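Structure file input18.txt with compact mmCIF, C-alpha atoms (C1' of nucleotides):
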# COMPACT_ATOMS: atom_id res chain seq x y z
CA MET A 1 123.26 105.71 121.70
CA ALA A 2 123.47 109.38 120.92
CA ARG A 3 127.16 109.09 121.56
CA THR A 4 127.67 106.97 118.43
CA ALA A 5 124.89 108.39 116.26
CA LYS A 6 126.13 109.83 112.98
CA PRO A 7 125.60 113.48 112.15
CA THR A 8 122.20 114.22 110.69
CA ARG A 9 123.53 115.15 107.27
CA GLU A 10 125.39 111.88 106.99
CA ARG A 11 122.31 109.88 107.94
CA ILE A 12 120.31 111.68 105.25
CA VAL A 13 122.92 110.93 102.58
CA GLN A 14 123.02 107.30 103.67
CA ALA A 15 119.24 107.01 103.39
CA ALA A 16 119.34 108.73 99.98
CA THR A 17 122.03 106.31 98.81
CA THR A 18 120.01 103.23 99.74
CA LEU A 19 116.82 104.55 98.17
CA PHE A 20 118.22 106.26 95.06
CA TYR A 21 120.37 103.27 94.16
CA GLY A 22 117.67 100.78 95.05
CA GLU A 23 114.65 102.38 93.42
CA GLY A 24 115.94 105.07 91.11
CA ILE A 25 116.17 108.81 91.58
CA ARG A 26 112.84 109.95 90.19
CA ALA A 27 111.06 107.02 91.81
CA VAL A 28 112.11 108.18 95.29
CA SER A 29 110.50 111.18 96.96
CA VAL A 30 112.17 113.59 99.35
CA ASP A 31 109.57 112.44 101.90
CA ALA A 32 110.79 108.86 101.59
CA VAL A 33 114.43 109.89 102.12
CA ALA A 34 113.54 111.98 105.18
CA ALA A 35 111.45 109.16 106.64
CA LYS A 36 114.21 106.58 106.13
CA ALA A 37 116.77 108.94 107.67
CA GLY A 38 114.48 109.50 110.65
CA VAL A 39 114.24 113.25 110.18
CA THR A 40 111.54 115.60 109.02
CA LYS A 41 111.52 117.22 105.64
CA ARG A 42 112.18 120.56 107.26
CA THR A 43 115.47 119.20 108.61
CA LEU A 44 116.39 117.67 105.27
CA TYR A 45 115.81 121.01 103.56
CA TYR A 46 117.96 122.66 106.20
CA HIS A 47 120.91 120.52 105.08
CA PHE A 48 120.16 120.45 101.34
CA ALA A 49 118.72 123.28 99.28
CA SER A 50 116.95 120.94 96.86
CA LYS A 51 116.51 117.36 95.77
CA ASP A 52 119.10 118.00 93.07
CA GLU A 53 121.71 118.81 95.72
CA LEU A 54 120.76 115.62 97.53
CA ILE A 55 121.29 113.60 94.35
CA ALA A 56 124.70 115.20 93.92
CA ALA A 57 125.61 114.39 97.54
CA TYR A 58 124.58 110.77 96.96
CA LEU A 59 127.02 110.36 94.06
CA GLU A 60 129.74 112.41 95.75
CA GLY A 61 129.56 109.95 98.63
CA ARG A 62 130.04 106.98 96.29
CA ASP A 63 133.10 108.40 94.53
CA GLN A 64 135.92 107.33 96.84
CA PRO A 65 134.38 104.05 98.10
CA ASN A 66 133.77 102.86 94.54
CA LEU A 67 137.28 103.73 93.41
CA ALA A 68 138.68 101.98 96.48
CA THR A 69 136.72 98.84 95.63
CA PHE A 70 138.11 98.72 92.11
CA ARG A 71 141.66 99.29 93.42
CA ARG A 72 141.18 96.50 95.95
CA TRP A 73 139.87 94.06 93.33
CA PHE A 74 142.91 94.84 91.19
CA ALA A 75 145.36 94.53 94.09
CA GLU A 76 143.90 91.31 95.44
CA THR A 77 144.18 89.46 92.12
CA ASP A 78 147.38 87.47 91.66
CA GLY A 79 149.23 87.15 88.39
CA SER A 80 150.22 89.34 85.47
CA LEU A 81 148.93 92.81 84.71
CA ALA A 82 146.37 91.28 82.36
CA ASP A 83 145.29 88.86 85.07
CA LYS A 84 144.80 91.70 87.54
CA VAL A 85 142.71 93.71 85.09
CA ARG A 86 140.55 90.67 84.39
CA GLY A 87 140.25 90.24 88.15
CA ILE A 88 138.26 93.47 88.30
CA PHE A 89 135.66 92.05 85.91
CA THR A 90 135.54 88.71 87.73
CA ALA A 91 134.92 90.43 91.06
CA LEU A 92 132.30 92.67 89.45
CA ALA A 93 130.51 89.63 88.05
CA ARG A 94 130.52 88.11 91.53
CA SER A 95 129.00 91.28 92.98
CA ALA A 96 126.43 91.44 90.14
CA ARG A 97 125.14 88.02 91.14
CA LYS A 98 124.15 89.30 94.57
CA PRO A 99 120.44 90.10 95.04
CA GLY A 100 120.63 93.87 95.60
CA TRP A 101 122.82 94.62 92.60
CA LYS A 102 121.31 97.17 90.21
CA GLY A 103 124.14 98.30 87.99
CA CYS A 104 126.34 101.37 88.31
CA GLY A 105 124.75 104.24 90.23
CA PHE A 106 126.71 106.80 88.22
CA LEU A 107 125.60 105.42 84.85
CA ARG A 108 122.01 104.95 85.96
CA THR A 109 121.89 108.53 87.19
CA ALA A 110 123.30 109.72 83.86
CA ALA A 111 120.54 107.77 82.11
CA GLU A 112 117.82 109.24 84.30
CA LEU A 113 119.11 112.80 84.01
CA ALA A 114 120.01 112.65 80.32
CA ALA A 115 117.77 115.63 79.66
CA MET A 116 119.63 117.79 82.20
CA PRO A 117 123.20 117.98 80.82
CA GLY A 118 124.43 120.56 83.31
CA HIS A 119 123.12 118.81 86.42
CA PRO A 120 125.66 118.86 89.29
CA ALA A 121 125.25 115.11 89.83
CA LEU A 122 126.31 114.44 86.24
CA ARG A 123 129.47 116.48 86.65
CA ILE A 124 130.31 114.44 89.74
CA GLY A 125 129.64 111.22 87.86
CA ALA A 126 131.79 112.28 84.92
CA THR A 127 134.65 113.24 87.24
CA HIS A 128 134.39 109.88 89.00
CA LYS A 129 134.65 107.93 85.76
CA LYS A 130 137.55 110.09 84.60
CA LYS A 131 139.39 109.32 87.84
CA PHE A 132 138.94 105.61 87.24
CA GLU A 133 140.19 105.92 83.67
CA ALA A 134 143.20 107.96 84.81
CA TRP A 135 144.02 105.41 87.53
CA LEU A 136 144.10 102.62 84.93
CA ALA A 137 146.15 104.73 82.52
CA GLU A 138 148.71 105.44 85.26
CA ILE A 139 149.12 101.75 86.01
CA PHE A 140 149.57 100.96 82.33
CA ALA A 141 152.04 103.79 81.86
CA GLY A 142 154.01 102.59 84.89
CA ASP A 143 154.27 99.13 83.35
CA GLY A 144 155.45 100.50 80.04
CA VAL A 145 152.28 99.62 78.17
CA PRO A 146 152.25 101.42 74.81
CA GLU A 147 149.48 103.99 74.40
CA PRO A 148 148.35 103.60 78.01
CA ASP A 149 145.53 106.16 77.65
CA ARG A 150 143.94 104.31 74.76
CA VAL A 151 144.20 100.93 76.48
CA ALA A 152 142.67 102.40 79.65
CA ARG A 153 139.84 103.92 77.65
CA ARG A 154 139.04 100.57 76.03
CA ILE A 155 138.95 98.86 79.41
CA VAL A 156 136.53 101.54 80.61
CA LEU A 157 134.31 100.95 77.57
CA LEU A 158 134.22 97.23 78.30
CA LEU A 159 133.56 97.78 81.99
CA ASP A 160 130.76 100.30 81.57
CA GLY A 161 129.42 98.22 78.70
CA SER A 162 129.16 95.23 80.98
CA PHE A 163 127.36 97.37 83.59
CA ALA A 164 124.78 98.39 81.00
CA VAL A 165 124.32 95.01 79.34
CA VAL A 166 124.14 93.01 82.57
CA LEU A 167 121.54 95.41 83.94
CA LEU A 168 119.37 94.66 80.91
CA HIS A 169 119.92 90.89 80.57
CA ARG A 170 120.59 90.12 84.23
CA ASP A 171 123.34 87.80 83.06
CA PRO A 172 126.77 88.41 84.67
CA ASP A 173 128.40 86.12 82.08
CA TYR A 174 128.70 89.25 79.97
CA MET A 175 131.12 90.57 82.60
CA GLU A 176 133.28 87.47 82.32
CA GLU A 177 133.38 87.96 78.55
CA ALA A 178 134.26 91.63 79.00
CA GLY A 179 137.03 90.54 81.37
CA ALA A 180 138.33 88.07 78.81
CA ALA A 181 138.33 90.82 76.18
CA ALA A 182 140.16 93.15 78.58
CA PHE A 183 142.69 90.41 79.30
CA THR A 184 143.40 89.92 75.58
CA LEU A 185 143.66 93.66 75.07
CA VAL A 186 146.27 94.11 77.81
CA GLU A 187 148.21 91.02 76.74
CA ALA A 188 148.36 92.29 73.17
CA ALA A 189 149.60 95.68 74.34
CA LEU A 190 152.30 94.05 76.49
CA SER A 191 153.47 91.90 73.60
CA ARG A 192 153.79 95.04 71.46
CA ARG A 193 155.93 96.50 74.25
CA ASP A 194 158.17 93.43 74.40
CA ARG A 195 158.55 93.09 70.63
CA GLY A 196 159.63 96.63 70.03
CA MET B 1 93.53 116.17 56.50
CA ALA B 2 91.64 113.34 58.13
CA ARG B 3 92.45 111.33 55.03
CA THR B 4 96.13 111.14 55.93
CA ALA B 5 95.88 111.22 59.72
CA LYS B 6 97.47 108.22 61.41
CA PRO B 7 95.42 105.96 63.63
CA THR B 8 95.03 107.28 67.14
CA ARG B 9 97.06 104.52 68.75
CA GLU B 10 99.97 105.20 66.44
CA ARG B 11 99.89 108.92 67.21
CA ILE B 12 99.97 108.15 70.93
CA VAL B 13 102.99 105.86 70.56
CA GLN B 14 104.76 108.48 68.48
CA ALA B 15 104.15 111.15 71.12
CA ALA B 16 105.32 108.77 73.84
CA THR B 17 108.48 108.00 71.85
CA THR B 18 109.41 111.67 71.51
CA LEU B 19 108.72 112.45 75.16
CA PHE B 20 110.05 109.28 76.82
CA TYR B 21 113.28 109.36 74.83
CA GLY B 22 113.67 113.10 75.20
CA GLU B 23 112.86 113.56 78.86
CA GLY B 24 112.94 110.12 80.45
CA ILE B 25 110.14 107.78 81.36
CA ARG B 26 109.41 108.83 84.92
CA ALA B 27 109.84 112.49 84.03
CA VAL B 28 106.97 112.33 81.54
CA SER B 29 103.37 112.15 82.67
CA VAL B 30 100.53 110.36 80.90
CA ASP B 31 98.89 113.80 80.65
CA ALA B 32 101.85 115.10 78.67
CA VAL B 33 101.77 112.16 76.25
CA ALA B 34 98.02 112.57 75.68
CA ALA B 35 98.41 116.30 75.13
CA LYS B 36 101.24 115.85 72.62
CA ALA B 37 99.25 113.18 70.77
CA GLY B 38 96.25 115.50 70.66
CA VAL B 39 93.95 113.13 72.51
CA THR B 40 92.42 113.09 75.96
CA LYS B 41 93.62 110.83 78.71
CA ARG B 42 90.39 108.87 78.47
CA THR B 43 91.26 108.00 74.87
CA LEU B 44 94.81 107.08 75.79
CA TYR B 45 93.55 104.74 78.50
CA TYR B 46 91.18 103.21 75.97
CA HIS B 47 94.20 102.11 73.89
CA PHE B 48 96.59 101.30 76.75
CA ALA B 49 95.68 99.74 80.06
CA SER B 50 98.46 101.52 81.95
CA LYS B 51 101.55 103.69 81.61
CA ASP B 52 103.63 100.51 81.80
CA GLU B 53 101.96 99.20 78.64
CA LEU B 54 102.65 102.52 76.96
CA ILE B 55 106.34 102.27 77.87
CA ALA B 56 106.45 98.77 76.40
CA ALA B 57 104.79 99.99 73.20
CA TYR B 58 107.38 102.77 72.95
CA LEU B 59 110.28 100.30 72.98
CA GLU B 60 108.46 97.77 70.80
CA GLY B 61 108.13 100.49 68.20
CA ARG B 62 111.87 101.19 68.26
CA ASP B 63 112.95 97.57 67.83
CA GLN B 64 112.85 97.16 64.05
CA PRO B 65 113.83 100.75 63.10
CA ASN B 66 116.89 100.62 65.34
CA LEU B 67 118.02 97.26 64.00
CA ALA B 68 117.49 98.53 60.45
CA THR B 69 119.68 101.56 61.17
CA PHE B 70 122.55 99.39 62.41
CA ARG B 71 122.21 97.10 59.40
CA ARG B 72 122.27 100.11 57.11
CA TRP B 73 125.35 101.60 58.75
CA PHE B 74 127.11 98.25 58.32
CA ALA B 75 126.01 97.82 54.70
CA GLU B 76 126.88 101.37 53.66
CA THR B 77 130.48 101.14 54.90
CA ASP B 78 133.02 100.05 52.29
CA GLY B 79 135.98 97.80 53.00
CA SER B 80 136.72 94.66 54.96
CA LEU B 81 134.54 93.08 57.60
CA ALA B 82 136.50 94.92 60.27
CA ASP B 83 136.00 98.19 58.40
CA LYS B 84 132.25 97.62 58.21
CA VAL B 85 131.99 96.87 61.93
CA ARG B 86 133.94 100.01 62.71
CA GLY B 87 131.60 101.87 60.37
CA ILE B 88 128.77 101.23 62.82
CA PHE B 89 130.66 103.03 65.57
CA THR B 90 131.66 105.89 63.29
CA ALA B 91 128.06 106.44 62.24
CA LEU B 92 126.93 106.22 65.84
CA ALA B 93 129.47 108.87 66.84
CA ARG B 94 128.13 111.09 64.07
CA SER B 95 124.58 110.65 65.37
CA ALA B 96 125.72 111.25 68.95
CA ARG B 97 127.02 114.67 67.93
CA LYS B 98 123.54 115.79 66.91
CA PRO B 99 121.68 117.96 69.44
CA GLY B 100 118.79 115.65 70.32
CA TRP B 101 120.91 112.58 71.00
CA LYS B 102 120.38 111.14 74.47
CA GLY B 103 121.89 107.67 74.38
CA CYS B 104 120.17 104.35 73.81
CA GLY B 105 116.47 104.33 74.72
CA PHE B 106 116.61 100.64 75.61
CA LEU B 107 119.55 101.04 78.00
CA ARG B 108 118.15 104.19 79.57
CA THR B 109 114.84 102.45 80.17
CA ALA B 110 116.67 99.52 81.76
CA ALA B 111 118.46 101.99 84.03
CA GLU B 112 115.23 103.73 85.05
CA LEU B 113 113.33 100.49 85.64
CA ALA B 114 116.19 98.60 87.31
CA ALA B 115 114.01 98.01 90.36
CA MET B 116 111.31 96.29 88.27
CA PRO B 117 113.09 93.25 86.78
CA GLY B 118 109.94 91.67 85.31
CA HIS B 119 108.68 94.82 83.58
CA PRO B 120 107.37 94.10 80.05
CA ALA B 121 109.45 96.96 78.62
CA LEU B 122 112.63 95.34 79.93
CA ARG B 123 111.81 92.04 78.26
CA ILE B 124 111.33 93.90 74.99
CA GLY B 125 114.63 95.71 75.46
CA ALA B 126 116.49 92.49 76.25
CA THR B 127 115.02 90.78 73.17
CA HIS B 128 116.03 93.72 71.01
CA LYS B 129 119.65 93.60 72.17
CA LYS B 130 119.76 89.82 71.73
CA LYS B 131 118.58 90.25 68.13
CA PHE B 132 121.39 92.69 67.47
CA GLU B 133 123.94 90.35 69.01
CA ALA B 134 122.58 87.41 66.97
CA TRP B 135 122.69 89.45 63.77
CA LEU B 136 126.37 90.23 64.34
CA ALA B 137 127.15 86.61 65.24
CA GLU B 138 125.50 85.41 62.02
CA ILE B 139 127.60 87.74 59.92
CA PHE B 140 130.78 86.61 61.67
CA ALA B 141 129.82 82.94 61.31
CA GLY B 142 129.13 83.46 57.61
CA ASP B 143 132.60 84.93 57.14
CA GLY B 144 134.24 82.03 58.94
CA VAL B 145 135.26 84.09 61.97
CA PRO B 146 136.32 81.73 64.78
CA GLU B 147 134.09 81.83 67.88
CA PRO B 148 131.59 84.19 66.21
CA ASP B 149 129.32 84.34 69.28
CA ARG B 150 132.14 85.55 71.52
CA VAL B 151 133.31 88.14 69.03
CA ALA B 152 129.76 89.40 68.57
CA ARG B 153 129.32 89.65 72.33
CA ARG B 154 132.50 91.70 72.68
CA ILE B 155 131.33 94.09 69.95
CA VAL B 156 128.04 94.49 71.82
CA LEU B 157 129.90 95.26 75.05
CA LEU B 158 131.93 97.95 73.28
CA LEU B 159 128.85 99.41 71.59
CA ASP B 160 126.67 99.57 74.69
CA GLY B 161 129.69 100.74 76.67
CA SER B 162 130.09 103.65 74.29
CA PHE B 163 126.38 104.48 74.65
CA ALA B 164 126.76 104.64 78.43
CA VAL B 165 130.08 106.48 78.55
CA VAL B 166 129.19 109.05 75.90
CA LEU B 167 125.92 109.81 77.66
CA LEU B 168 127.91 110.66 80.78
CA HIS B 169 130.85 112.53 79.26
CA ARG B 170 129.07 113.91 76.19
CA ASP B 171 132.21 113.09 74.22
CA PRO B 172 131.60 110.96 71.09
CA ASP B 173 135.35 110.34 70.78
CA TYR B 174 134.73 107.37 73.07
CA MET B 175 132.69 105.86 70.24
CA GLU B 176 135.58 106.25 67.82
CA GLU B 177 137.84 104.50 70.32
CA ALA B 178 135.27 101.74 70.78
CA GLY B 179 135.15 101.39 66.99
CA ALA B 180 138.93 101.14 66.82
CA ALA B 181 138.84 98.43 69.50
CA ALA B 182 136.12 96.59 67.59
CA PHE B 183 138.18 96.87 64.41
CA THR B 184 141.23 95.34 66.11
CA LEU B 185 139.10 92.60 67.62
CA VAL B 186 137.63 91.54 64.27
CA GLU B 187 140.99 91.79 62.51
CA ALA B 188 142.61 89.57 65.15
CA ALA B 189 139.82 87.01 64.80
CA LEU B 190 140.21 86.98 61.01
CA SER B 191 143.95 86.49 61.26
CA ARG B 192 143.35 83.51 63.55
CA ARG B 193 141.04 82.14 60.86
CA ASP B 194 143.65 82.59 58.12
CA ARG B 195 146.52 81.16 60.16
CA GLY B 196 144.75 78.01 61.22
C1' DG C 1 118.80 122.65 113.97
C1' DT C 2 114.79 120.20 114.54
C1' DC C 3 109.83 120.08 114.92
C1' DT C 4 104.45 120.37 112.93
C1' DA C 5 101.63 121.79 109.33
C1' DT C 6 100.56 122.98 104.82
C1' DA C 7 100.95 125.30 100.38
C1' DA C 8 100.27 124.71 95.36
C1' DG C 9 100.37 121.72 91.94
C1' DC C 10 100.99 117.28 89.42
C1' DC C 11 100.44 112.08 89.41
C1' DG C 12 98.09 107.73 87.34
C1' DA C 13 93.78 106.23 86.64
C1' DT C 14 88.53 106.37 86.29
C1' DA C 15 83.24 107.76 85.74
C1' DG C 16 79.67 108.82 82.88
C1' DA C 17 77.94 111.10 78.53
C1' DC C 18 77.37 110.40 73.65
C1' DG D 1 86.16 105.41 70.53
C1' DT D 2 86.38 109.93 71.90
C1' DC D 3 84.86 113.60 74.89
C1' DT D 4 84.63 116.50 79.80
C1' DA D 5 85.37 116.34 84.51
C1' DT D 6 87.40 114.71 88.48
C1' DC D 7 89.05 111.34 92.08
C1' DG D 8 92.38 110.46 95.96
C1' DG D 9 96.94 110.57 96.62
C1' DC D 10 101.53 112.04 96.08
C1' DT D 11 105.09 115.80 94.63
C1' DT D 12 108.81 119.43 95.90
C1' DA D 13 109.30 122.95 98.76
C1' DT D 14 108.16 126.45 102.49
C1' DA D 15 106.19 129.00 106.95
C1' DG D 16 106.35 129.62 111.64
C1' DA D 17 107.23 127.67 116.43
C1' DC D 18 110.85 126.60 119.71

Final structure tokens representation of the file:
Amino acid sequence: MARTAKPTRERIVQAATTLFYGEGIRAVSVDAVAAKAGVTKRTLYYHFASKDELIAAYLEGRDQPNLATFRRWFAETDGSLADKVRGIFTALARSARKPGWKGCGFLRTAAELAAMPGHPALRIGATHKKKFEAWLAEIFAGDGVPEPDRVARRIVLLLDGSFAVVLLHRDPDYMEEAGAAAFTLVEAALSRRDRG
Amino acid sequence: MARTAKPTRERIVQAATTLFYGEGIRAVSVDAVAAKAGVTKRTLYYHFASKDELIAAYLEGRDQPNLATFRRWFAETDGSLADKVRGIFTALARSARKPGWKGCGFLRTAAELAAMPGHPALRIGATHKKKFEAWLAEIFAGDGVPEPDRVARRIVLLLDGSFAVVLLHRDPDYMEEAGAAAFTLVEAALSRRDRG
DNA sequence: GTCTATAAGCCGATAGAC
DNA sequence: GTCTATCGGCTTATAGAC
């Protein structure tokens, strides 16, 4: 078993991810993370200087997997560019209907740490969202969409809006509506491209 | 002085509002609320059975004032219907540039209490947002906008999206972009009305 | 690098006096 | 209805052993 066991640090981050996302950052103690990871607090504090560093590591660990999921949802949807963008929202709505869903970890962390603007975890979250926005803008630019940055930014607003609203109402239909709005937005931009 | 002093309960809610919005719900202790209100904890627990009830009272107290602010921003903007809707976003961006701004208290509470779906404060928050959506839909219906409910819902997604995104990036320009998207959305709906 | 043990203080909530 | 005083438990973080 020890042969396949993950490094201690990784196990701690994994435990933090489950607990912080599931219960909230301030609701989860360092004790609880250490217990779930199967290590003592002394070991946890050997790998992380503070709880704040642990929070940052939690979000850092979600950066690439989350981006990969969005890219996959886009790639796996057939049809036009507008269809593929809407596909992201449809897949997100499907995931939001699953029991454990509790919104976007990056946005929820920003909400919890709103009083700590310089917190390392917030910088990681902001960078993550910027990467997503830039990825969308690149796709739009590659397809000759006019004002690709503005279109990408509007998609982001609809996406993060649906995260926030669905977390409050627990009604993923809002994501379908956001997807429909995103579809219209991309279609309109493409028709501007083709007209002139 | 005692002549003009507010009732104790009101002073407690006011202190809770300042602290919960400013620091976050879990970051603020009942002790801190009692101290800011100038009462003892025993008195606070005479008026509220638990911290959860106090959180609910905080959001309940923001319901009408917040709705009134949005209505005022809409009413005070000159121009077409689309202009007036965009005016809401412009005013929100202006408020987001002020130092104490920390996003939407309802959405931040939903993010903090995501693991407690039945919490009374979340029901109050959901009702508040539904009222705002219904208010918009009524205006659109009154102006003969086609599918007023869907248009209202898309405006809500853009508005709450801008709350979430601006809290993370601390860049109110996202609100201006959301306002521009909302403007386009309303204009397009009106042109559908006038064509057919 | 991981363990046991504990510091020093804050948490929500309550008891009893008046 | 408001006060003083305090409960038992939980908080982040650290000390010293190996």

Problem set entry | Computed interatomic separation between atom C1' of C:DA17 and atom CA of B:Glu53 (Å) | 26.8 Å

Exercise. Got a sec: who's within 10 Å of B:Thr69, counting all atoms listed in the file, leaving out chain neighbours fewer than 4 positions off, as a ChimeraX atom specification?
Worked result: /B:64-65,73-75,88,91-92

For this session: Using only C-alpha atoms (C1' of nucleotides), find the residues of chain A whose closest atom to chain D is at most 8 Å away, then write them as a PyMOL selection string.
Result: chain A and resi 29-30+51

For this session: Would you kindly report the residues of chain B within 12 Å of chain C, using only C-alpha atoms (C1' of nucleotides), as a list in words?
Result: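 Per the criterion, chain B yields Arg26, Ala27, Val28, Ser29, Val30, Asp31, Ala32, Lys41, Arg42, Thr43, Leu44, Tyr45, Tyr46, Phe48, Ala49, Ser50, Lys51 and Asp52 of chain B.
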
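Closest approach to chain B from the set A:Thr184, A:Asn66, A:Ser162, A:Thr77 is made by A:Ser162, with distances taken over only C-alpha atoms.
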
Problem set entry | Spatial sel., origin (129.4, 100.9, 87.1), limit 8 Å, only C-alpha atoms (C1' of nucleotides), listed as a VMD selection string | chain A and resid 103 to 107 159 to 160 163

Problem set entry | Proximal residues of chain A relative to chain B (only C-alpha atoms; 6 Å) as a ChimeraX atom specification | /A:23,108,110-111,115,126,157-158,160-162,168-169
